[in-house]
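Peer 1: To be precise about what I am sending: the file is called query-v8.cif and holds mmCIF, N, CA and C atoms.
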```cif
data_structure
loop_
_atom_site.label_atom_id
_atom_site.label_comp_id
_atom_site.auth_asym_id
_atom_site.auth_seq_id
_atom_site.Cartn_x
_atom_site.Cartn_y
_atom_site.Cartn_z
N MET L 165 -196.37 -50.78 87.44
CA MET L 165 -195.05 -50.25 87.73
C MET L 165 -194.70 -50.59 89.18
N ILE L 166 -193.45 -50.75 89.45
CA ILE L 166 -192.98 -51.04 90.81
C ILE L 166 -193.21 -49.82 91.69
N THR L 167 -193.74 -50.04 92.88
CA THR L 167 -194.08 -48.93 93.78
C THR L 167 -193.14 -48.78 94.97
N SER L 168 -192.46 -49.86 95.36
CA SER L 168 -191.59 -49.78 96.53
C SER L 168 -190.77 -51.05 96.66
N ILE L 169 -189.91 -51.08 97.68
CA ILE L 169 -189.12 -52.27 97.99
C ILE L 169 -189.58 -52.79 99.34
N HIS L 170 -189.80 -54.09 99.42
CA HIS L 170 -190.19 -54.75 100.67
C HIS L 170 -188.99 -55.58 101.11
N THR L 171 -188.36 -55.21 102.22
CA THR L 171 -187.21 -55.95 102.71
C THR L 171 -187.64 -56.89 103.83
N LEU L 172 -186.87 -57.93 104.05
CA LEU L 172 -187.17 -58.91 105.10
C LEU L 172 -185.98 -59.05 106.02
N ILE L 173 -186.26 -59.18 107.31
CA ILE L 173 -185.25 -59.52 108.30
C ILE L 173 -185.68 -60.86 108.89
N TYR L 174 -184.81 -61.85 108.81
CA TYR L 174 -185.10 -63.12 109.46
C TYR L 174 -184.45 -63.09 110.84
N SER L 175 -185.25 -63.30 111.86
CA SER L 175 -184.83 -63.12 113.25
C SER L 175 -185.00 -64.39 114.06
N ASP L 176 -184.05 -64.65 114.96
CA ASP L 176 -184.19 -65.75 115.91
C ASP L 176 -185.15 -65.40 117.04
N ASP L 177 -185.45 -64.11 117.21
CA ASP L 177 -186.37 -63.62 118.23
C ASP L 177 -187.19 -62.48 117.62
N ALA L 178 -188.19 -62.87 116.83
CA ALA L 178 -188.98 -61.87 116.09
C ALA L 178 -189.61 -60.84 117.02
N GLN L 179 -190.08 -61.27 118.19
CA GLN L 179 -190.69 -60.33 119.14
C GLN L 179 -189.71 -59.23 119.53
N ALA L 180 -188.45 -59.60 119.80
CA ALA L 180 -187.43 -58.62 120.19
C ALA L 180 -187.09 -57.70 119.02
N THR L 181 -187.02 -58.25 117.82
CA THR L 181 -186.72 -57.44 116.65
C THR L 181 -187.86 -56.47 116.37
N TRP L 182 -189.11 -56.95 116.43
CA TRP L 182 -190.27 -56.07 116.24
C TRP L 182 -190.26 -54.95 117.27
N ALA L 183 -190.00 -55.29 118.52
CA ALA L 183 -189.98 -54.28 119.58
C ALA L 183 -188.90 -53.24 119.34
N PHE L 184 -187.73 -53.67 118.88
CA PHE L 184 -186.64 -52.74 118.59
C PHE L 184 -187.03 -51.77 117.47
N LEU L 185 -187.56 -52.30 116.38
CA LEU L 185 -187.94 -51.44 115.25
C LEU L 185 -189.07 -50.48 115.65
N ARG L 186 -190.00 -50.98 116.44
CA ARG L 186 -191.15 -50.16 116.87
C ARG L 186 -190.75 -49.15 117.95
N ASP L 187 -190.02 -49.59 118.98
CA ASP L 187 -189.77 -48.74 120.15
C ASP L 187 -188.48 -47.92 120.05
N ALA L 188 -187.39 -48.54 119.62
CA ALA L 188 -186.12 -47.80 119.54
C ALA L 188 -186.06 -46.94 118.28
N LEU L 189 -186.39 -47.54 117.13
CA LEU L 189 -186.34 -46.76 115.90
C LEU L 189 -187.59 -45.92 115.70
N GLY L 190 -188.67 -46.27 116.37
CA GLY L 190 -189.91 -45.48 116.26
C GLY L 190 -190.61 -45.62 114.93
N TRP L 191 -190.39 -46.74 114.24
CA TRP L 191 -191.00 -46.93 112.93
C TRP L 191 -192.48 -47.26 113.07
N LYS L 192 -193.31 -46.62 112.26
CA LYS L 192 -194.74 -46.91 112.21
C LYS L 192 -194.94 -48.26 111.54
N TYR L 193 -196.07 -48.88 111.82
CA TYR L 193 -196.31 -50.21 111.29
C TYR L 193 -197.79 -50.48 111.12
N VAL L 194 -198.07 -51.52 110.38
CA VAL L 194 -199.42 -52.08 110.30
C VAL L 194 -199.30 -53.52 110.76
N ALA L 195 -200.41 -54.07 111.24
CA ALA L 195 -200.45 -55.47 111.66
C ALA L 195 -201.40 -56.21 110.74
N GLU L 196 -201.11 -57.46 110.49
CA GLU L 196 -201.99 -58.28 109.67
C GLU L 196 -203.31 -58.49 110.41
N ASP L 197 -204.41 -58.52 109.69
CA ASP L 197 -205.73 -58.74 110.29
C ASP L 197 -205.82 -60.09 110.98
N TRP L 198 -205.13 -61.08 110.44
CA TRP L 198 -205.21 -62.43 110.97
C TRP L 198 -204.28 -62.68 112.14
N ASP L 199 -203.34 -61.74 112.39
CA ASP L 199 -202.41 -61.94 113.50
C ASP L 199 -201.73 -60.61 113.82
N ASN L 200 -202.06 -60.00 114.95
CA ASN L 200 -201.51 -58.69 115.31
C ASN L 200 -200.02 -58.72 115.63
N ASP L 201 -199.42 -59.91 115.73
CA ASP L 201 -197.99 -60.00 115.98
C ASP L 201 -197.16 -59.85 114.71
N TRP L 202 -197.75 -60.02 113.55
CA TRP L 202 -197.01 -59.92 112.29
C TRP L 202 -197.04 -58.47 111.83
N LEU L 203 -196.00 -57.72 112.21
CA LEU L 203 -195.94 -56.30 111.92
C LEU L 203 -195.18 -56.04 110.62
N ILE L 204 -195.68 -55.07 109.85
CA ILE L 204 -195.00 -54.61 108.64
C ILE L 204 -194.66 -53.14 108.87
N PHE L 205 -193.39 -52.82 108.82
CA PHE L 205 -192.92 -51.49 109.18
C PHE L 205 -192.73 -50.58 107.98
N LYS L 206 -193.11 -49.33 108.17
CA LYS L 206 -192.79 -48.29 107.20
C LYS L 206 -191.34 -47.89 107.47
N SER L 207 -190.48 -48.11 106.48
CA SER L 207 -189.06 -47.87 106.72
C SER L 207 -188.54 -46.63 105.99
N GLY L 208 -189.41 -45.88 105.37
CA GLY L 208 -188.99 -44.63 104.75
C GLY L 208 -188.55 -44.78 103.31
N PRO L 209 -188.07 -43.69 102.73
CA PRO L 209 -187.60 -43.73 101.34
C PRO L 209 -186.47 -44.74 101.20
N SER L 210 -186.29 -45.24 100.00
CA SER L 210 -185.25 -46.25 99.82
C SER L 210 -184.46 -46.00 98.54
N GLU L 211 -183.33 -46.66 98.49
CA GLU L 211 -182.52 -46.71 97.29
C GLU L 211 -181.77 -48.03 97.30
N MET L 212 -181.28 -48.46 96.15
CA MET L 212 -180.59 -49.74 96.08
C MET L 212 -179.31 -49.58 95.27
N ARG L 213 -178.27 -50.22 95.75
CA ARG L 213 -177.01 -50.21 95.04
C ARG L 213 -176.56 -51.65 94.85
N VAL L 214 -175.89 -51.92 93.76
CA VAL L 214 -175.35 -53.25 93.51
C VAL L 214 -173.84 -53.17 93.65
N HIS L 215 -173.28 -54.05 94.47
CA HIS L 215 -171.83 -54.14 94.66
C HIS L 215 -171.34 -55.41 93.98
N PRO L 216 -170.20 -55.35 93.31
CA PRO L 216 -169.65 -56.57 92.71
C PRO L 216 -169.09 -57.49 93.80
N THR L 217 -169.15 -58.79 93.55
CA THR L 217 -168.55 -59.72 94.51
C THR L 217 -167.04 -59.76 94.36
N HIS L 218 -166.53 -59.33 93.20
CA HIS L 218 -165.09 -59.27 92.97
C HIS L 218 -164.75 -57.96 92.27
N SER L 219 -163.76 -57.24 92.80
CA SER L 219 -163.32 -56.01 92.15
C SER L 219 -161.85 -55.75 92.50
N VAL L 220 -161.22 -54.93 91.67
CA VAL L 220 -159.85 -54.50 91.90
C VAL L 220 -159.85 -52.99 91.82
N SER L 221 -159.34 -52.33 92.87
CA SER L 221 -159.30 -50.88 92.90
C SER L 221 -157.98 -50.44 93.52
N GLU L 222 -157.29 -49.57 92.83
CA GLU L 222 -156.01 -49.04 93.30
C GLU L 222 -155.06 -50.15 93.74
N GLY L 223 -155.01 -51.22 92.95
CA GLY L 223 -154.10 -52.32 93.22
C GLY L 223 -154.55 -53.30 94.29
N LYS L 224 -155.70 -53.05 94.90
CA LYS L 224 -156.22 -53.95 95.93
C LYS L 224 -157.35 -54.79 95.33
N THR L 225 -157.39 -56.06 95.72
CA THR L 225 -158.45 -56.95 95.29
C THR L 225 -159.48 -57.08 96.40
N TYR L 226 -160.75 -57.00 96.04
CA TYR L 226 -161.85 -57.12 97.00
C TYR L 226 -162.75 -58.27 96.57
N ASP L 227 -162.96 -59.21 97.47
CA ASP L 227 -163.86 -60.33 97.23
C ASP L 227 -164.86 -60.41 98.38
N HIS L 228 -166.12 -60.55 98.03
CA HIS L 228 -167.20 -60.64 99.02
C HIS L 228 -168.14 -61.76 98.59
N PRO L 229 -168.70 -62.50 99.53
CA PRO L 229 -169.70 -63.50 99.14
C PRO L 229 -170.97 -62.80 98.64
N ARG L 230 -171.69 -63.46 97.78
CA ARG L 230 -172.96 -62.92 97.31
C ARG L 230 -173.94 -62.90 98.48
N HIS L 231 -174.56 -61.76 98.76
CA HIS L 231 -175.51 -61.63 99.85
C HIS L 231 -176.29 -60.33 99.70
N HIS L 232 -177.26 -60.12 100.56
CA HIS L 232 -178.01 -58.86 100.63
C HIS L 232 -177.69 -58.22 101.98
N SER L 233 -177.79 -56.91 102.06
CA SER L 233 -177.46 -56.20 103.29
C SER L 233 -178.45 -55.06 103.48
N ILE L 234 -178.76 -54.77 104.73
CA ILE L 234 -179.65 -53.64 105.05
C ILE L 234 -178.83 -52.58 105.76
N ALA L 235 -178.90 -51.36 105.24
CA ALA L 235 -178.28 -50.21 105.89
C ALA L 235 -179.34 -49.13 105.99
N ILE L 236 -179.36 -48.43 107.11
CA ILE L 236 -180.29 -47.30 107.23
C ILE L 236 -179.48 -46.01 107.30
N MET L 237 -180.03 -44.97 106.70
CA MET L 237 -179.31 -43.71 106.56
C MET L 237 -179.93 -42.65 107.47
N CYS L 238 -179.11 -41.68 107.83
CA CYS L 238 -179.57 -40.57 108.65
C CYS L 238 -178.84 -39.30 108.21
N ASP L 239 -179.34 -38.16 108.64
CA ASP L 239 -178.73 -36.87 108.29
C ASP L 239 -177.61 -36.47 109.25
N ASP L 240 -177.70 -36.87 110.52
CA ASP L 240 -176.73 -36.50 111.54
C ASP L 240 -176.47 -37.72 112.42
N ILE L 241 -175.41 -38.45 112.12
CA ILE L 241 -175.18 -39.73 112.80
C ILE L 241 -174.91 -39.55 114.29
N ASP L 242 -174.22 -38.48 114.69
CA ASP L 242 -173.96 -38.28 116.12
C ASP L 242 -175.25 -38.11 116.90
N ALA L 243 -176.13 -37.27 116.40
CA ALA L 243 -177.42 -37.03 117.07
C ALA L 243 -178.28 -38.29 117.04
N THR L 244 -178.28 -39.01 115.91
CA THR L 244 -179.09 -40.21 115.78
C THR L 244 -178.62 -41.30 116.73
N VAL L 245 -177.32 -41.51 116.82
CA VAL L 245 -176.78 -42.53 117.74
C VAL L 245 -177.14 -42.17 119.18
N ASN L 246 -176.99 -40.91 119.55
CA ASN L 246 -177.33 -40.48 120.92
C ASN L 246 -178.81 -40.70 121.21
N GLU L 247 -179.67 -40.35 120.26
CA GLU L 247 -181.11 -40.53 120.44
C GLU L 247 -181.46 -42.01 120.55
N LEU L 248 -180.86 -42.84 119.71
CA LEU L 248 -181.16 -44.27 119.75
C LEU L 248 -180.60 -44.93 121.01
N ARG L 249 -179.43 -44.51 121.45
CA ARG L 249 -178.88 -45.05 122.71
C ARG L 249 -179.81 -44.73 123.88
N ALA L 250 -180.40 -43.54 123.88
CA ALA L 250 -181.33 -43.15 124.94
C ALA L 250 -182.57 -44.04 124.94
N LYS L 251 -182.87 -44.64 123.80
CA LYS L 251 -184.02 -45.55 123.68
C LYS L 251 -183.60 -47.00 123.86
N GLY L 252 -182.35 -47.25 124.22
CA GLY L 252 -181.90 -48.60 124.50
C GLY L 252 -181.12 -49.28 123.38
N ALA L 253 -180.92 -48.63 122.26
CA ALA L 253 -180.17 -49.25 121.17
C ALA L 253 -178.70 -49.39 121.55
N GLN L 254 -178.08 -50.42 121.02
CA GLN L 254 -176.66 -50.67 121.25
C GLN L 254 -175.93 -50.72 119.92
N PHE L 255 -174.65 -50.37 119.97
CA PHE L 255 -173.84 -50.29 118.76
C PHE L 255 -172.52 -51.02 118.98
N ARG L 256 -171.92 -51.44 117.89
CA ARG L 256 -170.60 -52.06 117.92
C ARG L 256 -169.57 -51.00 117.56
N GLU L 257 -168.47 -50.99 118.29
CA GLU L 257 -167.36 -50.07 118.01
C GLU L 257 -167.83 -48.61 118.08
N GLU L 258 -167.14 -47.76 117.36
CA GLU L 258 -167.47 -46.33 117.33
C GLU L 258 -167.77 -45.93 115.88
N ILE L 259 -168.24 -44.73 115.70
CA ILE L 259 -168.50 -44.22 114.35
C ILE L 259 -167.17 -44.13 113.62
N GLU L 260 -167.16 -44.61 112.38
CA GLU L 260 -165.93 -44.51 111.59
C GLU L 260 -166.21 -43.84 110.25
N GLU L 261 -165.16 -43.23 109.74
CA GLU L 261 -165.24 -42.55 108.44
C GLU L 261 -164.94 -43.57 107.35
N ARG L 262 -165.83 -43.65 106.37
CA ARG L 262 -165.59 -44.49 105.21
C ARG L 262 -165.73 -43.64 103.96
N GLU L 263 -165.36 -44.19 102.82
CA GLU L 263 -165.39 -43.40 101.59
C GLU L 263 -166.80 -42.96 101.20
N TYR L 264 -167.83 -43.61 101.70
CA TYR L 264 -169.21 -43.27 101.36
C TYR L 264 -169.97 -42.58 102.48
N GLY L 265 -169.35 -42.43 103.67
CA GLY L 265 -170.04 -41.75 104.75
C GLY L 265 -169.50 -42.13 106.12
N ARG L 266 -170.16 -41.63 107.16
CA ARG L 266 -169.83 -41.95 108.55
C ARG L 266 -170.71 -43.12 108.96
N VAL L 267 -170.10 -44.16 109.54
CA VAL L 267 -170.74 -45.46 109.69
C VAL L 267 -170.59 -46.01 111.10
N ILE L 268 -171.64 -46.71 111.56
CA ILE L 268 -171.57 -47.49 112.79
C ILE L 268 -172.50 -48.69 112.62
N MET L 269 -172.13 -49.81 113.24
CA MET L 269 -172.98 -51.00 113.19
C MET L 269 -173.91 -51.01 114.39
N MET L 270 -175.20 -51.18 114.11
CA MET L 270 -176.23 -51.18 115.15
C MET L 270 -176.66 -52.62 115.41
N ILE L 271 -176.71 -52.98 116.68
CA ILE L 271 -177.13 -54.32 117.08
C ILE L 271 -178.65 -54.38 117.01
N VAL L 272 -179.17 -55.37 116.28
CA VAL L 272 -180.62 -55.57 116.18
C VAL L 272 -180.96 -56.84 116.94
N PRO L 273 -181.69 -56.73 118.05
CA PRO L 273 -181.99 -57.91 118.86
C PRO L 273 -182.63 -59.03 118.04
N GLY L 274 -182.09 -60.23 118.17
CA GLY L 274 -182.63 -61.39 117.49
C GLY L 274 -182.23 -61.54 116.04
N ALA L 275 -181.55 -60.54 115.49
CA ALA L 275 -181.22 -60.56 114.06
C ALA L 275 -179.78 -60.08 113.85
N ASP L 276 -179.37 -60.05 112.60
CA ASP L 276 -178.04 -59.56 112.27
C ASP L 276 -177.98 -58.05 112.45
N ASP L 277 -176.77 -57.54 112.61
CA ASP L 277 -176.57 -56.09 112.74
C ASP L 277 -177.03 -55.36 111.48
N MET L 278 -177.36 -54.10 111.65
CA MET L 278 -177.65 -53.21 110.53
C MET L 278 -176.66 -52.06 110.57
N GLN L 279 -176.25 -51.65 109.42
CA GLN L 279 -175.36 -50.49 109.35
C GLN L 279 -176.21 -49.22 109.40
N LEU L 280 -175.78 -48.29 110.23
CA LEU L 280 -176.38 -46.95 110.28
C LEU L 280 -175.32 -46.01 109.72
N TYR L 281 -175.70 -45.17 108.76
CA TYR L 281 -174.69 -44.27 108.24
C TYR L 281 -175.26 -42.94 107.78
N GLN L 282 -174.38 -41.95 107.84
CA GLN L 282 -174.65 -40.61 107.33
C GLN L 282 -173.93 -40.54 106.00
N PRO L 283 -174.67 -40.60 104.89
CA PRO L 283 -174.02 -40.70 103.59
C PRO L 283 -173.30 -39.42 103.16
N THR L 284 -172.21 -39.65 102.43
CA THR L 284 -171.53 -38.54 101.76
C THR L 284 -171.64 -38.74 100.25
N HIS L 285 -172.20 -39.87 99.81
CA HIS L 285 -172.38 -40.13 98.39
C HIS L 285 -173.63 -39.43 97.88
N LYS L 286 -173.77 -39.34 96.57
CA LYS L 286 -174.99 -38.79 95.98
C LYS L 286 -176.17 -39.65 96.38
N LEU L 287 -177.32 -39.04 96.60
CA LEU L 287 -178.52 -39.76 97.05
C LEU L 287 -179.46 -40.02 95.89
N ALA L 288 -180.04 -41.22 95.90
CA ALA L 288 -181.00 -41.58 94.86
C ALA L 288 -182.43 -41.58 95.39
N TYR L 289 -182.62 -41.71 96.70
CA TYR L 289 -183.98 -41.88 97.23
C TYR L 289 -184.86 -40.65 97.05
N ASN L 290 -184.28 -39.52 96.79
CA ASN L 290 -185.09 -38.31 96.64
C ASN L 290 -185.22 -37.85 95.18
N LEU L 291 -184.94 -38.73 94.23
CA LEU L 291 -185.06 -38.39 92.81
C LEU L 291 -186.52 -38.24 92.40
#
```
For the file at hand, write its structure as structure tokens.
Peer 2:
Amino acid sequence: MITSIHTLIYSDDAQATWAFLRDALGWKYVAEDWDNDWLIFKSGPSEMRVHPTHSVSEGKTYDHPRHHSIAIMCDDIDATVNELRAKGAQFREEIEEREYGRVIMMIVPGADDMQLYQPTHKLAYNL
């Protein structure tokens, strides 16, 4: 049976990305026996949603390229953003209200941004 999801971040500066996940986010990790620089992070409970690449809702058409995205969730986005900023994390724009929660884009050194959000949708990770 499937036990978990293993996600990958491809980074132009893996050392900076590893340091951010380890130091700013405080994620625990293991290192490969053959190379202590190859860190695998414990990222917590997970859930997965599938979004259509094309949809129509309330008269609006939505088209998105096929891709994968990483978003991390929190219980209190204001407190989390403040705590992460104190550890050196940077964000784009300000927190905004969306139909699924309160959202801000977090800059990940060497890699693409990650969405940080406080969900208002039903949660699957605790089923």
Peer 1: May I have all residues of region 173-287 of chain L that DSSP, computed from the backbone, assigns to strand (DSSP E), given as a PyMOL selection string?
Peer 2: chain L and resi 193-196+199-205+218-221+224-227+235-237+254-262+265-271+278-283
Peer 1: From the list L:Thr171, L:Thr284, L:Asn246, L:Thr217, which residue is nearest His231 (chain L) when using all atoms listed in the file?
Peer 2: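 Distance minimum relative to His231 (chain L) lands on L:Thr217.
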Peer 1: What separation in Å, quoted to one decimal, exists between CA of Met237 (chain L) and CA of Tyr281 (chain L)?
Peer 2: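 CA of Tyr281 (chain L) lies 4.9 Å from CA of Met237 (chain L).
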Peer 1: Which residue gives the smallest distance to Met269 (chain L) among L:Asn200, L:Phe255, L:Val220, L:Leu287, with only C-alpha atoms counted?
Peer 2: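 For Met269 (chain L), the nearest of the given residues is L:Phe255.
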Peer 1: So how far away is atom N of Ser210 (chain L) from atom C of Tyr264 (chain L), in Å?
Peer 2: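 So the two atoms, atom C of Tyr264 (chain L) and atom N of Ser210 (chain L), lie 16.7 Å apart.
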Peer 1: Compare L:Asp227, L:Asp176, L:Asp197, L:Glu211 by their minimum atom-to-atom distance to Pro273 (chain L), counting all atoms listed in the file, and give me the closest one.
Peer 2: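 Among L:Asp227, L:Asp176, L:Asp197, L:Glu211, it is L:Asp176 that comes nearest to Pro273 (chain L).
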